[in-house]
There are 2 protein chains.
Amino acid sequence: MGVIRKTKAVEVLLKEFNSSSVAISAKALIEQLRDTFNKTTIYRVLDKLEDDGILHSFLGKEGIKWYAKCNGCTSTEHNDVHPHFQCLNCGRVDCLSFTVPLPQIPNRKIEVMQLLIQGRCEECFV
Amino acid sequence: MGVIRKTKAVEVLLKEFNSSSVAISAKALIEQLRDTFNKTTIYRVLDKLEDDGILHSFLGKEGIKWYAKCNGCTSTEHNDVHPHFQCLNCGRVDCLSFTVPLPQIPNRKIEVMQLLIQGRCEECFV
DNA sequence: AATATAACGCAACCTTGTTGCATTAACTAA
DNA sequence: TTAGTTAATGCAACAAGGTTGCGTTATATT
Ligand SMILES: [Mn+2]
Ligand SMILES: [Mn+2]
Ligand SMILES: [Zn+2]
Ligand SMILES: [Zn+2]
């Protein structure tokens, strides 16, 4: 797969993610671009951008899907695994750049891990 | 809130969680008890048992809700926060007893964290 | 046994996300 | 530059997980 045509939707969504580095939920994009694009289109473009290694996705607080820019991923290699932070006050979500060392678990093989930290972001921190 | 009446549904669900210590998804319970209870009832009882500090819930792989027994929680204090493990082979989910030390993040306050580790469980480990 | 009301079943609904299909618009090459 | 090819789009309908309102049932209390 992969994005092959530079369509209006691809262009607009790419710009959305390039203008800031915070994560954006599919839900928010659909709402925000409701008058411009159909939700199906948005879901499909996000899918493709993820396949391309341009965006990565993860599940936020209520199990809804968020997307953020990738750093150095390709369509063949998605090696951009890191924790995410969701602010319980303003809702903002972003990527955290550190890695969390996990203890070995006997007789289990760890393949993926997803860590969502919740609390107060820099803006909402008192 | 809290469970006030010992009904059939409460009894059956409690037994379900007491007979083993693995987590069970609401989805699985609804399917399994489809001929006995309405799904609304199951959702409501699970909710209540959680409020009571008897069960805790978390989101699994596809963002669906899982429940497991609590250890030493009450209706006023839910202090049973720990990682969960979901087997990518057999689908089994369980609670992990270790705690993951998180680095301090400057200017942010960490309140909750949810960690889902995926891989191969003891049974499916080769 | 009579009462009060928590819990239940059912149908209808909500939200997030997906699918099939006819139409439109990018890209390709004449 | 235009015609042809087909990826991408819009729309409507659907799916899964979960919630809500309301009339009925069953548990606990007297
Ligand atoms: Mn990220
Ligand atoms: Mn647990
Ligand atoms: Zn914030
Ligand atoms: Zn397994």
# chains A, B, ... in the order shown; residues from 1 in each chain; ligands from 1
$ residues_near_ligand --ligand "ligand 3" --cutoff "9 Å" --atoms "only C-alpha atoms (C1' of nucleotides) and all ligand atoms" --output "list in words"
Gln86, Cys87, Leu88, Asn89, Cys90, Gly91, Arg92, Val93, Gly119, Arg120, Cys121, Glu122, Glu123, Cys124 and Phe125 of chain A
$ calpha_fit_and_write --fixed "chain B" --moving "chain A" --output "short mmCIF file (atom, residue, chain, number, x, y, z; two decimals) with N, CA, C and O atoms, in the first residue's frame"
data_model
loop_
_atom_site.label_atom_id
_atom_site.label_comp_id
_atom_site.auth_asym_id
_atom_site.auth_seq_id
_atom_site.Cartn_x
_atom_site.Cartn_y
_atom_site.Cartn_z
N MET A 1 -22.77 4.49 45.54
CA MET A 1 -23.28 3.30 44.86
C MET A 1 -22.82 2.03 45.57
O MET A 1 -22.36 2.06 46.68
N GLY A 2 -22.93 0.94 44.86
CA GLY A 2 -22.51 -0.33 45.42
C GLY A 2 -23.58 -1.38 45.24
O GLY A 2 -24.73 -1.05 44.99
N VAL A 3 -23.16 -2.61 45.36
CA VAL A 3 -24.12 -3.70 45.20
C VAL A 3 -24.91 -3.84 46.49
O VAL A 3 -24.34 -3.95 47.58
N ILE A 4 -26.20 -3.77 46.38
CA ILE A 4 -27.00 -3.90 47.59
C ILE A 4 -27.80 -5.18 47.64
O ILE A 4 -28.11 -5.67 48.70
N ARG A 5 -28.14 -5.70 46.49
CA ARG A 5 -28.93 -6.93 46.50
C ARG A 5 -28.15 -8.08 45.87
O ARG A 5 -27.56 -7.93 44.80
N LYS A 6 -28.17 -9.23 46.53
CA LYS A 6 -27.49 -10.41 46.00
C LYS A 6 -28.40 -11.08 44.98
O LYS A 6 -29.11 -12.03 45.29
N THR A 7 -28.33 -10.59 43.77
CA THR A 7 -29.20 -11.13 42.72
C THR A 7 -28.49 -12.28 42.02
O THR A 7 -27.30 -12.51 42.20
N LYS A 8 -29.24 -12.95 41.18
CA LYS A 8 -28.69 -14.05 40.40
C LYS A 8 -27.49 -13.59 39.55
O LYS A 8 -26.46 -14.26 39.48
N ALA A 9 -27.65 -12.44 38.91
CA ALA A 9 -26.60 -11.95 38.02
C ALA A 9 -25.32 -11.64 38.79
O ALA A 9 -24.22 -11.99 38.35
N VAL A 10 -25.48 -11.01 39.93
CA VAL A 10 -24.31 -10.69 40.75
C VAL A 10 -23.60 -11.98 41.17
O VAL A 10 -22.38 -12.10 41.05
N GLU A 11 -24.38 -12.91 41.59
CA GLU A 11 -23.85 -14.20 42.04
C GLU A 11 -23.06 -14.91 40.93
O GLU A 11 -21.91 -15.32 41.13
N VAL A 12 -23.69 -15.00 39.78
CA VAL A 12 -23.05 -15.69 38.65
C VAL A 12 -21.76 -14.98 38.22
O VAL A 12 -20.73 -15.62 38.00
N LEU A 13 -21.81 -13.66 38.14
CA LEU A 13 -20.62 -12.93 37.69
C LEU A 13 -19.50 -13.01 38.72
O LEU A 13 -18.34 -13.19 38.37
N LEU A 14 -19.86 -12.93 39.98
CA LEU A 14 -18.83 -13.06 41.02
C LEU A 14 -18.16 -14.41 40.93
O LEU A 14 -16.94 -14.52 41.02
N LYS A 15 -18.96 -15.44 40.74
CA LYS A 15 -18.40 -16.79 40.64
C LYS A 15 -17.44 -16.88 39.45
O LYS A 15 -16.36 -17.47 39.54
N GLU A 16 -17.85 -16.26 38.36
CA GLU A 16 -17.02 -16.23 37.15
C GLU A 16 -15.61 -15.70 37.45
O GLU A 16 -14.62 -16.26 37.00
N PHE A 17 -15.55 -14.63 38.23
CA PHE A 17 -14.25 -14.03 38.52
C PHE A 17 -13.51 -14.73 39.65
O PHE A 17 -12.30 -14.63 39.76
N ASN A 18 -14.24 -15.44 40.46
CA ASN A 18 -13.58 -16.13 41.57
C ASN A 18 -13.00 -17.47 41.17
O ASN A 18 -12.08 -17.96 41.82
N SER A 19 -13.53 -18.04 40.09
CA SER A 19 -13.08 -19.38 39.71
C SER A 19 -11.70 -19.36 39.06
O SER A 19 -11.08 -20.38 38.89
N SER A 20 -11.25 -18.21 38.66
CA SER A 20 -9.91 -18.10 38.06
C SER A 20 -9.47 -16.66 38.18
O SER A 20 -10.27 -15.77 38.41
N SER A 21 -8.18 -16.43 38.01
CA SER A 21 -7.74 -15.06 38.24
C SER A 21 -7.43 -14.30 36.96
O SER A 21 -6.89 -13.20 37.00
N VAL A 22 -7.76 -14.88 35.82
CA VAL A 22 -7.54 -14.14 34.58
C VAL A 22 -8.61 -13.08 34.40
O VAL A 22 -9.66 -13.13 35.02
N ALA A 23 -8.31 -12.13 33.55
CA ALA A 23 -9.28 -11.08 33.24
C ALA A 23 -10.31 -11.62 32.24
O ALA A 23 -10.04 -12.57 31.51
N ILE A 24 -11.49 -11.03 32.27
CA ILE A 24 -12.55 -11.41 31.33
C ILE A 24 -13.11 -10.15 30.71
O ILE A 24 -13.35 -9.17 31.41
N SER A 25 -13.32 -10.18 29.42
CA SER A 25 -13.89 -9.00 28.77
C SER A 25 -15.40 -8.98 28.92
O SER A 25 -16.04 -10.02 28.97
N ALA A 26 -15.95 -7.79 28.98
CA ALA A 26 -17.41 -7.65 29.02
C ALA A 26 -18.02 -8.37 27.82
O ALA A 26 -19.00 -9.10 27.94
N LYS A 27 -17.38 -8.19 26.68
CA LYS A 27 -17.82 -8.84 25.46
C LYS A 27 -17.96 -10.36 25.63
O LYS A 27 -18.99 -10.95 25.27
N ALA A 28 -16.94 -10.99 26.19
CA ALA A 28 -16.95 -12.44 26.37
C ALA A 28 -18.04 -12.86 27.34
O ALA A 28 -18.73 -13.86 27.12
N LEU A 29 -18.22 -12.09 28.40
CA LEU A 29 -19.26 -12.42 29.38
C LEU A 29 -20.64 -12.35 28.76
O LEU A 29 -21.50 -13.19 29.02
N ILE A 30 -20.84 -11.31 27.95
CA ILE A 30 -22.14 -11.14 27.31
C ILE A 30 -22.45 -12.33 26.40
O ILE A 30 -23.55 -12.86 26.40
N GLU A 31 -21.42 -12.73 25.66
CA GLU A 31 -21.59 -13.85 24.74
C GLU A 31 -21.87 -15.14 25.50
O GLU A 31 -22.80 -15.88 25.20
N GLN A 32 -21.06 -15.35 26.52
CA GLN A 32 -21.12 -16.58 27.29
C GLN A 32 -22.43 -16.72 28.07
O GLN A 32 -22.95 -17.82 28.25
N LEU A 33 -22.96 -15.60 28.52
CA LEU A 33 -24.17 -15.64 29.36
C LEU A 33 -25.39 -15.15 28.59
O LEU A 33 -26.41 -14.82 29.20
N ARG A 34 -25.28 -15.14 27.30
CA ARG A 34 -26.33 -14.61 26.43
C ARG A 34 -27.71 -15.20 26.71
O ARG A 34 -28.72 -14.52 26.63
N ASP A 35 -27.76 -16.48 27.06
CA ASP A 35 -29.06 -17.12 27.30
C ASP A 35 -29.57 -16.91 28.71
O ASP A 35 -30.70 -17.29 29.04
N THR A 36 -28.73 -16.36 29.56
CA THR A 36 -29.10 -16.22 30.96
C THR A 36 -29.41 -14.78 31.34
O THR A 36 -30.37 -14.51 32.07
N PHE A 37 -28.59 -13.85 30.85
CA PHE A 37 -28.79 -12.45 31.22
C PHE A 37 -28.71 -11.53 30.01
O PHE A 37 -27.98 -11.80 29.06
N ASN A 38 -29.42 -10.46 30.11
CA ASN A 38 -29.37 -9.41 29.11
C ASN A 38 -28.03 -8.67 29.21
O ASN A 38 -27.50 -8.50 30.30
N LYS A 39 -27.52 -8.20 28.08
CA LYS A 39 -26.22 -7.54 28.10
C LYS A 39 -26.23 -6.28 28.97
O LYS A 39 -25.25 -5.96 29.64
N THR A 40 -27.37 -5.59 28.99
CA THR A 40 -27.47 -4.39 29.83
C THR A 40 -27.22 -4.74 31.28
O THR A 40 -26.51 -4.02 31.99
N THR A 41 -27.80 -5.82 31.72
CA THR A 41 -27.61 -6.28 33.09
C THR A 41 -26.14 -6.55 33.38
O THR A 41 -25.61 -6.14 34.42
N ILE A 42 -25.49 -7.24 32.46
CA ILE A 42 -24.09 -7.57 32.66
C ILE A 42 -23.24 -6.31 32.75
O ILE A 42 -22.43 -6.16 33.67
N TYR A 43 -23.46 -5.38 31.84
CA TYR A 43 -22.72 -4.12 31.91
C TYR A 43 -22.97 -3.41 33.24
O TYR A 43 -22.04 -2.88 33.86
N ARG A 44 -24.21 -3.42 33.68
CA ARG A 44 -24.53 -2.70 34.92
C ARG A 44 -23.95 -3.37 36.15
O ARG A 44 -23.44 -2.70 37.05
N VAL A 45 -23.99 -4.69 36.20
CA VAL A 45 -23.43 -5.40 37.35
C VAL A 45 -21.91 -5.21 37.40
O VAL A 45 -21.35 -4.94 38.47
N LEU A 46 -21.27 -5.29 36.24
CA LEU A 46 -19.81 -5.08 36.21
C LEU A 46 -19.46 -3.67 36.72
O LEU A 46 -18.53 -3.50 37.51
N ASP A 47 -20.21 -2.71 36.27
CA ASP A 47 -20.05 -1.32 36.74
C ASP A 47 -20.10 -1.22 38.25
O ASP A 47 -19.24 -0.60 38.88
N LYS A 48 -21.10 -1.87 38.80
CA LYS A 48 -21.30 -1.80 40.25
C LYS A 48 -20.20 -2.51 41.00
O LYS A 48 -19.70 -2.01 42.02
N LEU A 49 -19.82 -3.67 40.50
CA LEU A 49 -18.75 -4.41 41.16
C LEU A 49 -17.45 -3.61 41.12
O LEU A 49 -16.65 -3.66 42.05
N GLU A 50 -17.28 -2.83 40.08
CA GLU A 50 -16.10 -1.97 40.01
C GLU A 50 -16.22 -0.83 41.04
O GLU A 50 -15.26 -0.54 41.76
N ASP A 51 -17.37 -0.22 41.09
CA ASP A 51 -17.60 0.83 42.09
C ASP A 51 -17.34 0.32 43.50
O ASP A 51 -16.86 1.05 44.37
N ASP A 52 -17.67 -0.93 43.70
CA ASP A 52 -17.51 -1.54 45.02
C ASP A 52 -16.07 -1.92 45.36
O ASP A 52 -15.79 -2.35 46.47
N GLY A 53 -15.19 -1.83 44.38
CA GLY A 53 -13.80 -2.21 44.63
C GLY A 53 -13.59 -3.72 44.58
O GLY A 53 -12.61 -4.24 45.09
N ILE A 54 -14.53 -4.41 43.97
CA ILE A 54 -14.41 -5.87 43.86
C ILE A 54 -13.73 -6.24 42.55
O ILE A 54 -12.94 -7.17 42.47
N LEU A 55 -14.03 -5.48 41.51
CA LEU A 55 -13.36 -5.66 40.22
C LEU A 55 -12.70 -4.35 39.80
O LEU A 55 -13.07 -3.28 40.27
N HIS A 56 -11.70 -4.47 38.92
CA HIS A 56 -11.18 -3.27 38.27
C HIS A 56 -11.25 -3.50 36.77
O HIS A 56 -11.31 -4.64 36.32
N SER A 57 -11.26 -2.41 36.01
CA SER A 57 -11.37 -2.54 34.57
C SER A 57 -10.23 -1.83 33.86
O SER A 57 -9.57 -0.97 34.43
N PHE A 58 -10.01 -2.22 32.62
CA PHE A 58 -8.98 -1.59 31.80
C PHE A 58 -9.29 -1.92 30.35
O PHE A 58 -10.15 -2.75 30.06
N LEU A 59 -8.61 -1.24 29.44
CA LEU A 59 -8.86 -1.45 28.03
C LEU A 59 -7.82 -2.38 27.43
O LEU A 59 -6.63 -2.21 27.63
N GLY A 60 -8.29 -3.35 26.69
CA GLY A 60 -7.40 -4.30 26.03
C GLY A 60 -7.02 -3.84 24.64
O GLY A 60 -7.21 -2.68 24.26
N LYS A 61 -6.48 -4.77 23.89
CA LYS A 61 -5.90 -4.54 22.58
C LYS A 61 -6.73 -3.64 21.66
O LYS A 61 -6.24 -2.63 21.17
N GLU A 62 -7.95 -3.99 21.42
CA GLU A 62 -8.74 -3.23 20.47
C GLU A 62 -9.59 -2.15 21.14
O GLU A 62 -10.59 -1.69 20.59
N GLY A 63 -9.19 -1.78 22.35
CA GLY A 63 -9.94 -0.75 23.06
C GLY A 63 -11.21 -1.27 23.72
O GLY A 63 -12.10 -0.51 24.07
N ILE A 64 -11.31 -2.61 23.88
CA ILE A 64 -12.50 -3.13 24.54
C ILE A 64 -12.24 -3.37 26.01
O ILE A 64 -11.11 -3.52 26.45
N LYS A 65 -13.32 -3.41 26.78
CA LYS A 65 -13.21 -3.37 28.23
C LYS A 65 -13.03 -4.74 28.86
O LYS A 65 -13.77 -5.66 28.57
N TRP A 66 -12.03 -4.84 29.74
CA TRP A 66 -11.75 -6.08 30.47
C TRP A 66 -11.90 -5.83 31.95
O TRP A 66 -11.66 -4.72 32.42
N TYR A 67 -12.26 -6.89 32.66
CA TYR A 67 -12.41 -6.81 34.10
C TYR A 67 -11.59 -7.89 34.77
O TYR A 67 -11.44 -8.98 34.23
N ALA A 68 -11.10 -7.59 35.97
CA ALA A 68 -10.40 -8.59 36.76
C ALA A 68 -10.62 -8.29 38.24
O ALA A 68 -10.99 -7.17 38.61
N LYS A 69 -10.39 -9.30 39.04
CA LYS A 69 -10.54 -9.16 40.49
C LYS A 69 -9.60 -8.10 41.05
O LYS A 69 -8.47 -7.96 40.60
N CYS A 70 -10.06 -7.39 42.05
CA CYS A 70 -9.20 -6.46 42.77
C CYS A 70 -8.56 -7.16 43.95
O CYS A 70 -9.08 -8.14 44.46
N ASN A 71 -7.43 -6.60 44.36
CA ASN A 71 -6.77 -7.08 45.57
C ASN A 71 -6.69 -5.94 46.58
O ASN A 71 -5.89 -5.03 46.44
N GLY A 72 -7.55 -6.00 47.55
CA GLY A 72 -7.50 -4.99 48.60
C GLY A 72 -7.95 -3.61 48.19
O GLY A 72 -7.39 -2.62 48.62
N CYS A 73 -9.00 -3.54 47.36
CA CYS A 73 -9.59 -2.25 47.06
C CYS A 73 -10.93 -2.15 47.78
O CYS A 73 -11.53 -3.15 48.14
N THR A 74 -11.38 -0.94 47.98
CA THR A 74 -12.71 -0.71 48.58
C THR A 74 -13.47 0.23 47.68
O THR A 74 -12.93 0.72 46.68
N SER A 75 -14.71 0.50 48.05
CA SER A 75 -15.51 1.41 47.23
C SER A 75 -14.93 2.82 47.25
O SER A 75 -15.12 3.59 46.32
N THR A 76 -14.19 3.13 48.31
CA THR A 76 -13.62 4.48 48.41
C THR A 76 -12.19 4.58 47.90
O THR A 76 -11.73 5.66 47.57
N GLU A 77 -11.51 3.43 47.84
CA GLU A 77 -10.12 3.50 47.41
C GLU A 77 -9.74 2.41 46.41
O GLU A 77 -9.70 1.23 46.76
N HIS A 78 -9.47 2.83 45.22
CA HIS A 78 -9.03 1.92 44.16
C HIS A 78 -7.53 2.07 43.98
O HIS A 78 -7.06 2.92 43.25
N ASN A 79 -6.77 1.26 44.68
CA ASN A 79 -5.31 1.43 44.62
C ASN A 79 -4.62 0.25 43.96
O ASN A 79 -3.50 -0.09 44.26
N ASP A 80 -5.32 -0.32 43.02
CA ASP A 80 -4.87 -1.56 42.41
C ASP A 80 -4.41 -1.29 40.98
O ASP A 80 -4.97 -1.78 40.03
N VAL A 81 -3.35 -0.47 40.86
CA VAL A 81 -2.90 -0.07 39.52
C VAL A 81 -1.67 -0.89 39.13
O VAL A 81 -0.69 -0.90 39.85
N HIS A 82 -1.76 -1.56 38.04
CA HIS A 82 -0.67 -2.44 37.60
C HIS A 82 -0.77 -2.69 36.10
O HIS A 82 -1.81 -2.44 35.50
N PRO A 83 0.29 -3.20 35.50
CA PRO A 83 0.25 -3.48 34.06
C PRO A 83 -0.60 -4.72 33.76
O PRO A 83 -0.88 -5.51 34.65
N HIS A 84 -0.97 -4.85 32.52
CA HIS A 84 -1.71 -6.03 32.08
C HIS A 84 -1.03 -6.65 30.87
O HIS A 84 -0.32 -5.97 30.14
N PHE A 85 -1.26 -7.93 30.72
CA PHE A 85 -0.62 -8.67 29.65
C PHE A 85 -1.66 -9.34 28.78
O PHE A 85 -2.54 -10.04 29.29
N GLN A 86 -1.57 -9.13 27.49
CA GLN A 86 -2.50 -9.81 26.58
C GLN A 86 -1.72 -10.67 25.61
O GLN A 86 -0.81 -10.21 24.92
N CYS A 87 -2.10 -11.94 25.56
CA CYS A 87 -1.41 -12.87 24.66
C CYS A 87 -1.91 -12.69 23.23
O CYS A 87 -3.11 -12.72 22.97
N LEU A 88 -0.96 -12.48 22.32
CA LEU A 88 -1.33 -12.27 20.93
C LEU A 88 -1.69 -13.57 20.24
O LEU A 88 -2.25 -13.57 19.15
N ASN A 89 -1.40 -14.68 20.91
CA ASN A 89 -1.72 -15.97 20.30
C ASN A 89 -3.09 -16.48 20.74
O ASN A 89 -3.93 -16.80 19.92
N CYS A 90 -3.32 -16.55 22.04
CA CYS A 90 -4.58 -17.13 22.51
C CYS A 90 -5.57 -16.08 23.00
O CYS A 90 -6.73 -16.38 23.25
N GLY A 91 -5.13 -14.84 23.14
CA GLY A 91 -6.05 -13.77 23.52
C GLY A 91 -6.20 -13.55 25.01
O GLY A 91 -6.79 -12.55 25.44
N ARG A 92 -5.71 -14.48 25.79
CA ARG A 92 -5.80 -14.41 27.24
C ARG A 92 -5.18 -13.14 27.81
O ARG A 92 -4.15 -12.67 27.33
N VAL A 93 -5.83 -12.59 28.81
CA VAL A 93 -5.37 -11.35 29.43
C VAL A 93 -5.23 -11.57 30.93
O VAL A 93 -6.12 -12.17 31.54
N ASP A 94 -4.14 -11.09 31.52
CA ASP A 94 -4.07 -11.13 32.97
C ASP A 94 -3.30 -9.97 33.57
O ASP A 94 -2.67 -9.18 32.87
N CYS A 95 -3.41 -9.88 34.88
CA CYS A 95 -2.79 -8.79 35.62
C CYS A 95 -1.34 -9.13 35.93
O CYS A 95 -1.02 -10.26 36.25
N LEU A 96 -0.48 -8.16 35.86
CA LEU A 96 0.93 -8.35 36.22
C LEU A 96 1.16 -7.67 37.57
O LEU A 96 0.68 -6.57 37.81
N SER A 97 1.93 -8.34 38.40
CA SER A 97 2.02 -7.83 39.77
C SER A 97 3.15 -6.83 40.00
O SER A 97 3.24 -6.23 41.05
N PHE A 98 3.99 -6.64 39.01
CA PHE A 98 5.08 -5.68 39.25
C PHE A 98 4.64 -4.25 38.93
O PHE A 98 3.63 -4.02 38.29
N THR A 99 5.43 -3.30 39.42
CA THR A 99 5.16 -1.91 39.08
C THR A 99 6.29 -1.38 38.21
O THR A 99 7.44 -1.76 38.36
N VAL A 100 5.93 -0.52 37.29
CA VAL A 100 6.92 0.03 36.38
C VAL A 100 7.30 1.43 36.85
O VAL A 100 6.45 2.30 36.95
N PRO A 101 8.57 1.62 37.16
CA PRO A 101 8.99 2.96 37.60
C PRO A 101 9.09 3.90 36.40
O PRO A 101 9.77 3.60 35.43
N LEU A 102 8.38 5.00 36.48
CA LEU A 102 8.43 5.96 35.38
C LEU A 102 9.39 7.08 35.72
O LEU A 102 9.50 7.49 36.87
N PRO A 103 10.09 7.58 34.71
CA PRO A 103 10.94 8.74 34.96
C PRO A 103 10.07 9.97 35.22
O PRO A 103 8.94 10.05 34.72
N GLN A 104 10.56 10.89 35.99
CA GLN A 104 9.86 12.15 36.18
C GLN A 104 9.83 12.89 34.85
O GLN A 104 10.83 12.87 34.12
N ILE A 105 8.74 13.53 34.54
CA ILE A 105 8.72 14.33 33.33
C ILE A 105 8.62 15.79 33.76
O ILE A 105 7.69 16.16 34.47
N PRO A 106 9.59 16.59 33.35
CA PRO A 106 9.61 17.99 33.80
C PRO A 106 8.34 18.74 33.44
O PRO A 106 7.85 18.63 32.32
N ASN A 107 7.82 19.48 34.39
CA ASN A 107 6.63 20.30 34.18
C ASN A 107 5.35 19.54 33.85
O ASN A 107 4.42 20.09 33.27
N ARG A 108 5.33 18.27 34.19
CA ARG A 108 4.10 17.52 34.02
C ARG A 108 3.79 16.77 35.29
O ARG A 108 4.69 16.33 36.00
N LYS A 109 2.52 16.61 35.53
CA LYS A 109 2.12 15.84 36.69
C LYS A 109 1.47 14.54 36.24
O LYS A 109 0.46 14.55 35.53
N ILE A 110 2.06 13.43 36.63
CA ILE A 110 1.52 12.14 36.25
C ILE A 110 0.44 11.74 37.25
O ILE A 110 0.67 11.76 38.46
N GLU A 111 -0.73 11.42 36.75
CA GLU A 111 -1.80 11.02 37.65
C GLU A 111 -2.16 9.54 37.52
O GLU A 111 -2.35 8.85 38.50
N VAL A 112 -2.27 9.07 36.30
CA VAL A 112 -2.59 7.67 36.07
C VAL A 112 -1.65 7.15 35.00
O VAL A 112 -1.05 7.92 34.27
N MET A 113 -1.52 5.86 34.90
CA MET A 113 -0.85 5.32 33.73
C MET A 113 -1.40 3.94 33.45
O MET A 113 -1.75 3.20 34.36
N GLN A 114 -1.56 3.66 32.19
CA GLN A 114 -2.03 2.33 31.84
C GLN A 114 -1.06 1.69 30.88
O GLN A 114 -0.73 2.24 29.85
N LEU A 115 -0.63 0.51 31.27
CA LEU A 115 0.36 -0.20 30.47
C LEU A 115 -0.19 -1.55 30.06
O LEU A 115 -0.59 -2.36 30.90
N LEU A 116 -0.24 -1.76 28.76
CA LEU A 116 -0.66 -3.05 28.22
C LEU A 116 0.50 -3.66 27.47
O LEU A 116 0.98 -3.10 26.49
N ILE A 117 0.94 -4.80 27.96
CA ILE A 117 2.03 -5.51 27.31
C ILE A 117 1.43 -6.62 26.47
O ILE A 117 0.51 -7.31 26.91
N GLN A 118 1.93 -6.78 25.27
CA GLN A 118 1.42 -7.86 24.42
C GLN A 118 2.56 -8.78 24.02
O GLN A 118 3.70 -8.35 23.86
N GLY A 119 2.21 -10.03 23.85
CA GLY A 119 3.21 -11.01 23.47
C GLY A 119 2.67 -12.42 23.58
O GLY A 119 1.54 -12.66 23.20
N ARG A 120 3.51 -13.32 24.11
CA ARG A 120 3.09 -14.72 24.25
C ARG A 120 3.04 -15.09 25.73
O ARG A 120 4.02 -14.90 26.45
N CYS A 121 1.92 -15.63 26.12
CA CYS A 121 1.74 -16.01 27.52
C CYS A 121 2.48 -17.31 27.84
O CYS A 121 3.05 -17.94 26.96
N GLU A 122 2.44 -17.71 29.10
CA GLU A 122 3.14 -18.93 29.53
C GLU A 122 2.72 -20.15 28.72
O GLU A 122 3.54 -20.99 28.36
N GLU A 123 1.44 -20.23 28.44
CA GLU A 123 0.89 -21.35 27.69
C GLU A 123 1.38 -21.37 26.25
O GLU A 123 1.65 -22.43 25.69
N CYS A 124 1.47 -20.20 25.66
CA CYS A 124 1.78 -20.10 24.24
C CYS A 124 3.25 -19.86 23.96
O CYS A 124 3.68 -19.80 22.81
N PHE A 125 4.02 -19.71 25.02
CA PHE A 125 5.45 -19.49 24.90
C PHE A 125 6.13 -20.73 24.34
O PHE A 125 5.85 -21.83 24.78
N VAL A 126 6.98 -20.55 23.34
CA VAL A 126 7.62 -21.73 22.73
C VAL A 126 9.01 -21.98 23.31
O VAL A 126 9.85 -21.16 23.36
#
$ atom_distance --atom1 "atom C1' of DC10 of chain C" --atom2 "atom C1' of DA15 of chain D"
20.4 Å
$ atom_distance --atom1 "atom C1' of DG17 of chain D" --atom2 "atom 1 (Mn, counted along the ligand's line) of ligand 1"
25.4 Å
$ select_by_dssp --residues "segment 13-102 of chain B" --states "helix (DSSP H, G or I)" --output "MDAnalysis selection string"
chainID B and resid 13:18 26:32 39:51
$ residues_around --residues "DA3 of chain D" --least-positions-apart "6" --cutoff "12 Å" --atoms "only C-alpha atoms (C1' of nucleotides)" --output "NGL selection string"
:C and (28-30)
$ interface_residues --of "chain C" --to "chain B" --cutoff "8 Å" --atoms "only C-alpha atoms (C1' of nucleotides)" --output "list in words"
DA6, DA7, DC8 and DG9 of chain C
$ select_by_dssp --residues "segment 27-125 of chain B" --states "strand (DSSP E or B)" --output "list of chain:residue names"
B:Leu55, B:His56, B:Ser57, B:Phe58, B:Leu59, B:Lys65, B:Trp66, B:Tyr67, B:Ala68, B:Lys69, B:His84, B:Phe85, B:Gln86, B:Cys87, B:Val93, B:Asp94, B:Cys95, B:Lys109, B:Ile110, B:Glu111, B:Val112, B:Met113, B:Gln114, B:Leu115, B:Leu116, B:Ile117, B:Gln118, B:Gly119, B:Arg120
$ atom_distance --atom1 "atom C1' of DT18 of chain C" --atom2 "atom C1' of DA8 of chain D"
16.3 Å
$ interface_residues --of "chain D" --to "chain B" --cutoff "9 Å" --atoms "only C-alpha atoms (C1' of nucleotides)" --output "PyMOL selection string"
chain D and resi 17-19+26-28
